[in-house]
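Quick look at query38.csv (CSV, C-alpha atoms):
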```
chain,number,residue,atom,x,y,z
T,1,MET,CA,120.8,123.7,131.1
T,2,PRO,CA,117.0,123.4,130.5
T,3,ILE,CA,115.3,120.2,129.4
T,4,GLU,CA,115.5,119.6,125.7
T,5,LYS,CA,112.7,121.2,123.7
T,6,THR,CA,111.8,117.9,122.0
T,7,TYR,CA,110.9,116.4,125.4
T,8,THR,CA,109.1,119.5,126.8
T,9,ASP,CA,107.0,119.8,123.6
T,10,ALA,CA,105.9,116.2,123.8
T,11,MET,CA,105.2,116.5,127.5
T,12,LEU,CA,103.6,119.9,127.7
T,13,GLY,CA,102.2,120.5,124.2
T,14,THR,CA,98.7,119.3,124.9
T,15,PHE,CA,98.5,121.4,128.1
T,16,ARG,CA,99.7,124.5,126.2
T,17,ASN,CA,97.0,123.9,123.6
T,18,MET,CA,94.3,123.6,126.2
T,19,LEU,CA,95.4,126.8,127.9
T,20,GLN,CA,95.7,128.7,124.5
T,21,GLU,CA,92.2,127.4,123.6
T,22,CYS,CA,90.8,129.0,126.7
T,23,ARG,CA,92.7,132.3,126.0
T,24,ASP,CA,91.3,132.3,122.5
T,25,LYS,CA,87.8,132.0,123.9
T,26,ASN,CA,88.6,134.9,126.3
T,27,LEU,CA,87.8,132.7,129.3
T,28,SER,CA,88.7,134.0,132.7
T,29,GLY,CA,88.1,133.5,136.4
T,30,THR,CA,89.7,131.7,139.3
T,31,ALA,CA,89.8,128.3,137.7
T,32,PHE,CA,91.5,129.8,134.6
T,33,ASP,CA,94.1,131.5,136.8
T,34,GLU,CA,94.8,128.2,138.5
T,35,MET,CA,95.3,126.6,135.0
T,36,ALA,CA,97.8,129.3,134.1
T,37,THR,CA,99.6,129.0,137.4
T,38,ALA,CA,100.0,125.2,137.0
T,39,MET,CA,101.2,125.7,133.4
T,40,ASN,CA,103.7,128.5,134.4
T,41,ARG,CA,105.1,126.2,137.1
T,42,MET,CA,105.6,123.3,134.6
T,43,GLU,CA,107.3,125.7,132.1
T,44,SER,CA,109.5,127.1,134.9
T,45,LEU,CA,110.6,123.6,136.0
T,46,ALA,CA,111.4,122.7,132.4
T,47,LEU,CA,113.8,125.7,132.3
T,48,GLU,CA,115.3,125.1,135.7
T,49,MET,CA,115.9,121.3,135.5
T,50,ASP,CA,118.2,119.4,133.2
T,51,ASP,CA,117.2,115.8,133.9
T,52,PHE,CA,114.1,114.6,132.1
T,53,GLY,CA,113.4,111.8,134.6
T,54,ALA,CA,113.5,114.1,137.6
T,55,PHE,CA,111.4,116.7,135.7
T,56,SER,CA,108.7,114.2,134.9
T,57,THR,CA,108.7,113.0,138.5
T,58,LYS,CA,108.5,116.5,139.8
T,59,LEU,CA,105.4,117.3,137.7
T,60,THR,CA,103.7,114.3,139.2
T,61,THR,CA,104.8,114.7,142.9
T,62,GLU,CA,103.7,118.4,142.8
T,63,GLY,CA,100.3,117.4,141.4
T,64,LEU,CA,100.6,119.7,138.5
T,65,TYR,CA,98.9,117.4,136.1
T,66,THR,CA,95.9,117.0,138.5
T,67,ALA,CA,95.8,120.7,139.3
T,68,PHE,CA,95.8,121.7,135.6
T,69,SER,CA,93.2,119.1,134.7
T,70,THR,CA,90.9,120.0,137.6
T,71,ALA,CA,91.1,123.7,136.8
T,72,TYR,CA,90.5,123.0,133.1
T,73,GLY,CA,87.4,120.9,133.9
T,74,THR,CA,86.1,123.7,136.1
T,75,VAL,CA,86.7,126.3,133.3
T,76,LEU,CA,84.8,124.1,130.8
T,77,ALA,CA,82.0,123.6,133.3
T,78,GLU,CA,81.7,127.3,133.9
T,79,GLU,CA,81.7,128.0,130.2
T,80,GLY,CA,79.1,125.3,129.6
T,81,GLN,CA,76.8,126.7,132.2
T,82,LYS,CA,77.0,130.1,130.6
T,83,LYS,CA,76.7,128.9,127.0
T,84,TYR,CA,74.2,126.1,127.3
T,85,ALA,CA,72.2,126.8,130.4
T,86,PRO,CA,71.5,130.5,131.0
T,87,SER,CA,69.2,129.5,133.8
T,88,GLY,CA,72.0,128.0,135.7
T,89,ALA,CA,71.3,124.4,134.9
T,90,TYR,CA,74.3,122.0,134.6
T,91,ASP,CA,74.8,120.4,131.2
T,92,ASP,CA,76.9,117.2,131.3
T,93,ALA,CA,76.6,116.5,127.6
T,94,ALA,CA,78.0,119.9,126.6
T,95,LEU,CA,80.9,119.6,129.1
T,96,LEU,CA,81.7,116.1,127.7
T,97,GLN,CA,81.6,117.4,124.2
T,98,GLN,CA,84.0,120.2,124.9
T,99,THR,CA,86.4,117.9,126.8
T,100,VAL,CA,86.5,115.4,123.9
T,101,ALA,CA,86.9,118.3,121.4
T,102,ALA,CA,89.9,119.5,123.4
T,103,TYR,CA,91.5,116.0,123.2
T,104,GLU,CA,90.8,116.0,119.4
T,105,THR,CA,92.6,119.2,119.1
T,106,GLY,CA,95.5,117.9,121.1
T,107,LEU,CA,95.6,114.8,118.9
T,108,THR,CA,96.2,116.8,115.7
T,109,GLN,CA,99.3,118.4,117.4
T,110,LEU,CA,100.9,115.0,117.4
T,111,ASP,CA,100.6,114.5,113.7
T,112,THR,CA,104.2,115.8,113.1
T,113,HIS,CA,105.7,113.9,116.0
T,114,PRO,CA,108.1,111.1,114.9
T,115,ASP,CA,106.6,108.8,117.5
T,116,LYS,CA,103.0,109.8,116.8
T,117,GLU,CA,101.6,106.3,116.2
T,118,LYS,CA,102.4,105.2,119.8
T,119,LEU,CA,101.7,108.6,121.4
T,120,GLN,CA,98.3,108.9,119.8
T,121,VAL,CA,97.0,105.5,121.0
T,122,PRO,CA,95.8,106.6,124.5
T,123,VAL,CA,94.5,110.0,123.2
T,124,LYS,CA,92.4,108.1,120.6
T,125,ALA,CA,91.1,105.8,123.3
T,126,VAL,CA,90.0,108.8,125.4
T,127,ILE,CA,88.2,110.3,122.4
T,128,GLY,CA,86.5,106.9,121.6
T,129,LEU,CA,85.4,106.6,125.2
T,130,GLY,CA,83.9,110.1,125.1
T,131,ARG,CA,82.1,109.4,121.8
T,132,SER,CA,80.6,106.1,123.1
T,133,GLY,CA,77.4,107.7,124.3
T,134,ILE,CA,78.1,107.7,128.1
T,135,ASN,CA,77.5,110.7,130.3
T,136,TYR,CA,80.3,112.9,131.7
T,137,PRO,CA,80.5,111.4,135.2
T,138,THR,CA,80.7,107.9,133.7
T,139,PHE,CA,83.4,109.1,131.3
T,140,LEU,CA,85.5,110.4,134.2
T,141,ARG,CA,85.1,107.2,136.2
T,142,LEU,CA,86.0,104.9,133.2
T,143,LEU,CA,88.9,107.1,132.4
T,144,ILE,CA,90.4,106.2,135.8
T,145,GLU,CA,89.2,102.5,135.8
T,146,LYS,CA,90.7,101.8,132.4
T,147,GLY,CA,94.0,103.4,133.3
T,148,LEU,CA,93.6,106.0,130.6
T,149,ASP,CA,94.7,108.8,132.9
T,150,LYS,CA,98.0,107.0,133.5
T,151,ALA,CA,98.3,106.2,129.8
T,152,LEU,CA,98.0,109.9,129.0
T,153,GLU,CA,100.8,110.7,131.4
T,154,GLY,CA,102.9,108.0,129.8
T,155,ALA,CA,102.3,109.4,126.4
T,156,VAL,CA,105.0,112.0,127.1
T,157,LEU,CA,107.6,109.1,127.0
T,158,SER,CA,109.1,109.0,123.6
T,159,ARG,CA,110.8,105.8,122.5
T,160,GLU,CA,112.6,107.7,119.8
T,161,ALA,CA,114.3,109.8,122.4
T,162,LEU,CA,115.5,106.7,124.2
T,163,GLN,CA,116.7,105.2,121.0
T,164,LYS,CA,118.7,108.4,120.3
T,165,ASP,CA,120.3,108.1,123.7
T,166,VAL,CA,121.6,104.7,122.6
T,167,GLU,CA,122.8,106.0,119.2
T,168,TRP,CA,124.5,109.0,120.9
T,169,ALA,CA,126.5,106.8,123.1
T,170,GLU,CA,127.5,104.6,120.2
T,171,GLN,CA,128.6,107.5,118.0
T,172,LEU,CA,130.7,109.0,120.9
T,173,LEU,CA,132.3,105.6,121.6
T,174,LEU,CA,131.0,105.4,125.1
T,175,PRO,CA,130.4,101.6,125.5
T,176,ILE,CA,129.2,101.6,129.1
T,177,TYR,CA,126.8,104.4,128.4
T,178,GLU,CA,125.6,102.5,125.3
T,179,LYS,CA,124.9,99.4,127.5
T,180,ARG,CA,123.1,101.5,130.1
T,181,ASN,CA,121.0,103.3,127.6
T,182,GLY,CA,120.2,100.1,125.8
T,183,ALA,CA,119.0,98.6,129.1
T,184,VAL,CA,116.8,101.6,129.6
T,185,LEU,CA,115.3,101.2,126.1
T,186,ALA,CA,114.8,97.5,126.7
T,187,LYS,CA,112.9,98.2,129.9
T,188,TYR,CA,110.7,100.7,128.1
T,189,ASP,CA,109.8,98.1,125.5
T,190,GLU,CA,109.2,95.5,128.2
T,191,MET,CA,106.8,97.8,130.1
T,192,ALA,CA,105.2,99.0,126.9
T,193,VAL,CA,104.2,95.4,126.0
T,194,ALA,CA,102.6,95.0,129.5
T,195,ALA,CA,100.9,98.5,129.4
T,196,ALA,CA,97.2,98.7,128.5
T,197,PHE,CA,97.8,101.1,125.6
T,198,GLY,CA,101.4,100.3,124.7
T,199,VAL,CA,102.8,103.2,126.7
T,200,PRO,CA,104.5,102.7,130.1
T,201,ASP,CA,103.4,104.6,133.2
T,202,THR,CA,105.7,107.6,133.5
T,203,VAL,CA,106.4,107.3,137.2
T,204,MET,CA,106.9,103.6,137.1
T,205,PHE,CA,109.2,103.8,134.1
T,206,GLU,CA,111.3,106.6,135.7
T,207,MET,CA,111.7,104.4,138.8
T,208,GLU,CA,113.0,101.5,136.7
T,209,ARG,CA,115.2,103.9,134.8
T,210,PHE,CA,116.6,105.3,138.0
T,211,LYS,CA,117.5,101.7,139.2
T,212,ILE,CA,119.2,100.9,135.9
T,213,GLU,CA,121.2,104.1,135.9
T,214,ARG,CA,122.3,103.4,139.5
T,215,GLU,CA,123.4,99.9,138.6
T,216,PHE,CA,125.7,101.2,135.8
T,217,GLU,CA,127.0,104.2,137.8
T,218,PRO,CA,129.9,102.4,139.5
T,219,ALA,CA,131.2,101.1,136.1
T,220,ILE,CA,130.9,104.5,134.5
T,221,ASN,CA,132.7,106.2,137.3
T,222,LYS,CA,135.5,103.6,137.3
T,223,ASP,CA,136.0,103.9,133.6
T,224,GLN,CA,136.2,107.7,133.7
T,225,ALA,CA,138.6,107.5,136.7
T,226,ILE,CA,140.9,105.2,134.7
T,227,ILE,CA,140.8,107.6,131.7
T,228,ASP,CA,141.4,110.7,133.9
T,229,ARG,CA,144.4,109.0,135.5
T,230,TRP,CA,146.2,107.7,132.5
T,231,GLY,CA,145.5,111.0,130.8
T,232,LYS,CA,147.3,112.8,133.6
T,233,LEU,CA,150.3,110.4,133.4
T,234,LEU,CA,150.7,111.2,129.7
T,235,GLN,CA,150.4,114.9,130.4
T,236,LEU,CA,153.1,114.7,133.1
T,237,LEU,CA,155.6,113.1,130.7
T,238,HIS,CA,154.7,115.6,128.0
T,239,ASP,CA,155.3,118.6,130.2
T,240,TRP,CA,158.5,117.1,131.7
T,241,VAL,CA,160.3,116.5,128.4
T,242,ASP,CA,159.1,119.8,126.8
T,243,ALA,CA,160.5,121.7,129.8
T,244,TYR,CA,164.0,120.9,128.5
T,245,THR,CA,163.4,122.2,125.0
T,246,SER,CA,164.4,125.5,123.5
T,247,PHE,CA,160.8,126.6,123.0
T,248,ALA,CA,159.9,126.1,126.7
T,249,PRO,CA,160.4,129.7,127.7
T,250,TYR,CA,157.8,130.8,125.1
T,251,ASP,CA,155.3,128.0,125.8
T,252,SER,CA,152.1,129.0,127.7
T,253,ARG,CA,152.6,126.1,130.1
T,254,TYR,CA,155.7,127.6,131.6
T,255,ALA,CA,155.8,131.3,130.5
T,256,SER,CA,155.0,133.8,133.3
T,257,PRO,CA,153.7,137.3,132.9
T,258,GLU,CA,156.1,138.3,135.7
T,259,GLY,CA,159.1,137.9,133.4
T,260,MET,CA,161.8,135.5,132.4
T,261,ALA,CA,163.0,134.8,135.9
T,262,ALA,CA,159.6,133.6,136.9
T,263,THR,CA,159.3,131.6,133.7
T,264,GLN,CA,162.6,129.9,134.5
T,265,ARG,CA,161.4,129.0,138.0
T,266,ASN,CA,158.3,127.4,136.4
T,267,ILE,CA,160.5,125.4,134.0
T,268,LYS,CA,162.7,124.2,136.8
T,269,PHE,CA,159.6,123.2,138.8
T,270,TYR,CA,158.4,121.0,135.9
T,271,LYS,CA,161.9,119.5,135.4
T,272,ASP,CA,162.4,118.7,139.1
T,273,CYS,CA,158.9,117.8,140.2
T,274,ASN,CA,157.2,116.0,137.3
T,275,PRO,CA,159.2,112.7,137.6
T,276,GLY,CA,158.2,112.5,141.3
T,277,PHE,CA,154.6,113.4,140.6
T,278,PHE,CA,154.6,110.7,137.8
T,279,LYS,CA,155.9,107.9,140.0
T,280,VAL,CA,153.4,108.7,142.8
T,281,ARG,CA,150.5,108.8,140.4
T,282,GLU,CA,151.7,105.6,138.6
T,283,ASP,CA,151.9,103.8,141.9
T,284,ILE,CA,148.4,105.0,142.9
T,285,PHE,CA,147.1,104.0,139.5
T,286,ASN,CA,148.5,100.5,139.9
T,287,ARG,CA,147.1,100.1,143.4
T,288,TYR,CA,143.6,101.3,142.5
T,289,PHE,CA,143.1,99.6,139.2
T,290,SER,CA,145.8,96.9,139.1
T,291,MET,CA,147.1,98.5,135.9
T,292,GLY,CA,150.7,99.3,134.9
T,293,TRP,CA,152.2,101.6,132.3
T,294,ASP,CA,151.9,99.0,129.5
T,295,ASP,CA,148.3,98.2,130.4
T,296,ILE,CA,147.2,101.7,129.5
T,297,PHE,CA,147.7,101.1,125.8
T,298,ILE,CA,145.8,97.8,125.7
T,299,HIS,CA,142.9,99.0,127.8
T,300,PRO,CA,139.6,99.5,125.8
T,301,SER,CA,139.3,103.1,127.1
T,302,PHE,CA,142.6,104.1,125.4
T,303,ALA,CA,141.5,103.0,121.9
T,304,ASN,CA,138.0,104.5,122.4
T,305,GLU,CA,139.3,107.9,123.6
T,306,ARG,CA,141.8,108.1,120.7
T,307,LYS,CA,139.2,107.0,118.1
T,308,ALA,CA,136.7,109.6,119.6
T,309,LYS,CA,139.5,112.2,119.4
T,310,ARG,CA,139.2,112.9,123.1
T,311,CYS,CA,142.9,111.9,123.5
T,312,LEU,CA,144.5,114.1,120.9
T,313,TYR,CA,148.1,112.8,120.8
T,314,THR,CA,149.2,111.4,117.4
T,315,ASP,CA,150.5,107.9,117.0
T,316,ALA,CA,154.0,109.2,116.6
T,317,TYR,CA,153.8,111.2,119.9
T,318,VAL,CA,152.3,108.2,121.8
T,319,ALA,CA,155.3,106.2,120.6
T,320,PHE,CA,157.6,109.0,121.7
T,321,LEU,CA,156.0,109.2,125.2
T,322,LYS,CA,156.8,105.5,125.6
T,323,GLN,CA,160.5,106.5,125.2
T,324,VAL,CA,160.1,109.4,127.6
T,325,TYR,CA,158.6,107.0,130.2
T,326,ILE,CA,161.8,105.0,130.3
T,327,GLN,CA,163.9,108.1,131.1
T,328,CYS,CA,161.5,110.0,133.4
T,329,LYS,CA,162.9,109.3,136.8
T,330,PRO,CA,163.6,111.6,139.8
T,331,PHE,CA,166.9,113.4,139.6
T,332,VAL,CA,167.5,112.3,136.0
T,333,SER,CA,167.3,114.5,132.9
T,334,PRO,CA,166.3,113.3,129.5
T,335,THR,CA,169.0,112.6,126.9
T,336,LYS,CA,170.0,115.1,124.3
T,337,GLU,CA,168.5,112.8,121.6
T,338,LEU,CA,165.1,112.7,123.4
T,339,ILE,CA,165.1,116.5,123.7
T,340,THR,CA,165.9,116.9,120.0
T,341,LYS,CA,163.1,114.5,119.1
T,342,ALA,CA,160.6,116.6,121.3
T,343,GLU,CA,161.6,119.7,119.5
T,344,GLN,CA,161.3,118.0,116.1
T,345,LEU,CA,157.8,116.8,116.9
T,346,HIS,CA,156.9,120.2,118.1
T,347,ASN,CA,158.2,122.1,115.1
T,348,GLU,CA,156.6,119.6,112.7
T,349,LYS,CA,153.3,120.0,114.5
T,350,THR,CA,152.9,116.3,115.0
T,351,VAL,CA,152.2,116.3,118.7
T,352,PHE,CA,148.4,116.5,118.4
T,353,ILE,CA,146.1,115.3,115.7
```

Write out the structure in this file as structure tokens.
Amino acid sequence: MPIEKTYTDAMLGTFRNMLQECRDKNLSGTAFDEMATAMNRMESLALEMDDFGAFSTKLTTEGLYTAFSTAYGTVLAEEGQKKYAPSGAYDDAALLQQTVAAYETGLTQLDTHPDKEKLQVPVKAVIGLGRSGINYPTFLRLLIEKGLDKALEGAVLSREALQKDVEWAEQLLLPIYEKRNGAVLAKYDEMAVAAAFGVPDTVMFEMERFKIEREFEPAINKDQAIIDRWGKLLQLLHDWVDAYTSFAPYDSRYASPEGMAATQRNIKFYKDCNPGFFKVREDIFNRYFSMGWDDIFIHPSFANERKAKRCLYTDAYVAFLKQVYIQCKPFVSPTKELITKAEQLHNEKTVFI
């Protein structure tokens, strides 16, 4: 799954505009080809990768920002020589003017971005520096000394996207993800306050983000493991009691394309084996998480999964499964009353919400 378009547009939009500007001017040559190669590589990574942090780091470690910018500067220099100095003389002023103009063009592309006020700060600073009356070499030197080159890299970070991550976790009732994403957003705000232009350095922020995500990973994995295991326990009870019903031979869980004999073997398997499977899994569940059967229904994950409609059993069926639990033992069949209740819930379509 490729990186979301919102992120790639914010990160690569300015570079795309620069490349398109050169194409519109019919510029060509080795430097232009290098620009296009770097741009194609960035676009390719955006399609191949699905993690924004890893994608941002990859662009930096492969030197794609530098390669593109260097090639772009060379293209502008070559154009400046042709346009302003037919004799071959080098014109710093013309090159500086074109560079600043390119940033001004990029600035307008951020007008529709929801986080434009923060993203435009470093770009405006670069434009102001270029219009201050200094020459091109001084402009490049100050760009680095003032940290504007890093600020421009950081401009791809969108606080709104981080805020949406928090809201996403809240809406999906994923409390640990919500805490993790909130911690990432808080770190962004902390680094933004300390940053020269209010935008954290991309690489440094991604390193901090990586540390936060690793800190929360054990809790996320544990919570999901608990959910998976109590979910399997409920399913084993469901499949066991339904194997005794009159509709079992026609249910996809048991029915076999090989005929009724194979279907009856499947039904017998569920009847005979599920109680043993359940007891083993219940024991493992207790030993791993110090949780018993009754603890499932008071654990925060149970309420969250049901509220989020990821556990689809109705309240009536959950209550029924608690009755099934009492009778689900190896070498024991459910009572006639329990089987009748299972058929009733099935026929009334009150098993799932």

Among the residues T:Glu178, T:Glu21, T:Asp239, T:Glu79, the one that comes closest to Phe277 (chain T) [using only C-alpha atoms]
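Going through T:Glu178, T:Glu21, T:Asp239, T:Glu79 one by one, the smallest distance to Phe277 (chain T) is for T:Asp239.
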
When you count all atoms listed in the file, which of these residues is closest to Gln323 (chain T): T:Val280, T:Leu129, T:Met18, T:Leu237?
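When distances to Gln323 (chain T) are compared using all atoms listed in the file, the smallest one comes from T:Leu237.
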
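Between CA of Lys232 (chain T) and CA of Val166 (chain T) the interatomic distance comes to 29.1 Å.
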
Exercise: residues within 12 Å of coordinate (103.8, 126.3, 134.1), counting all atoms listed in the file, as a PyMOL selection string:
chain T and resi 8+11-13+15-16+19+33-48+59+62+64-65+67-68

Counting all atoms listed in the file, the option among T:Leu142, T:Val241, T:Ala248, T:Met291 closest to Phe320 (chain T)
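Closest to Phe320 (chain T) of all the choices is T:Val241.
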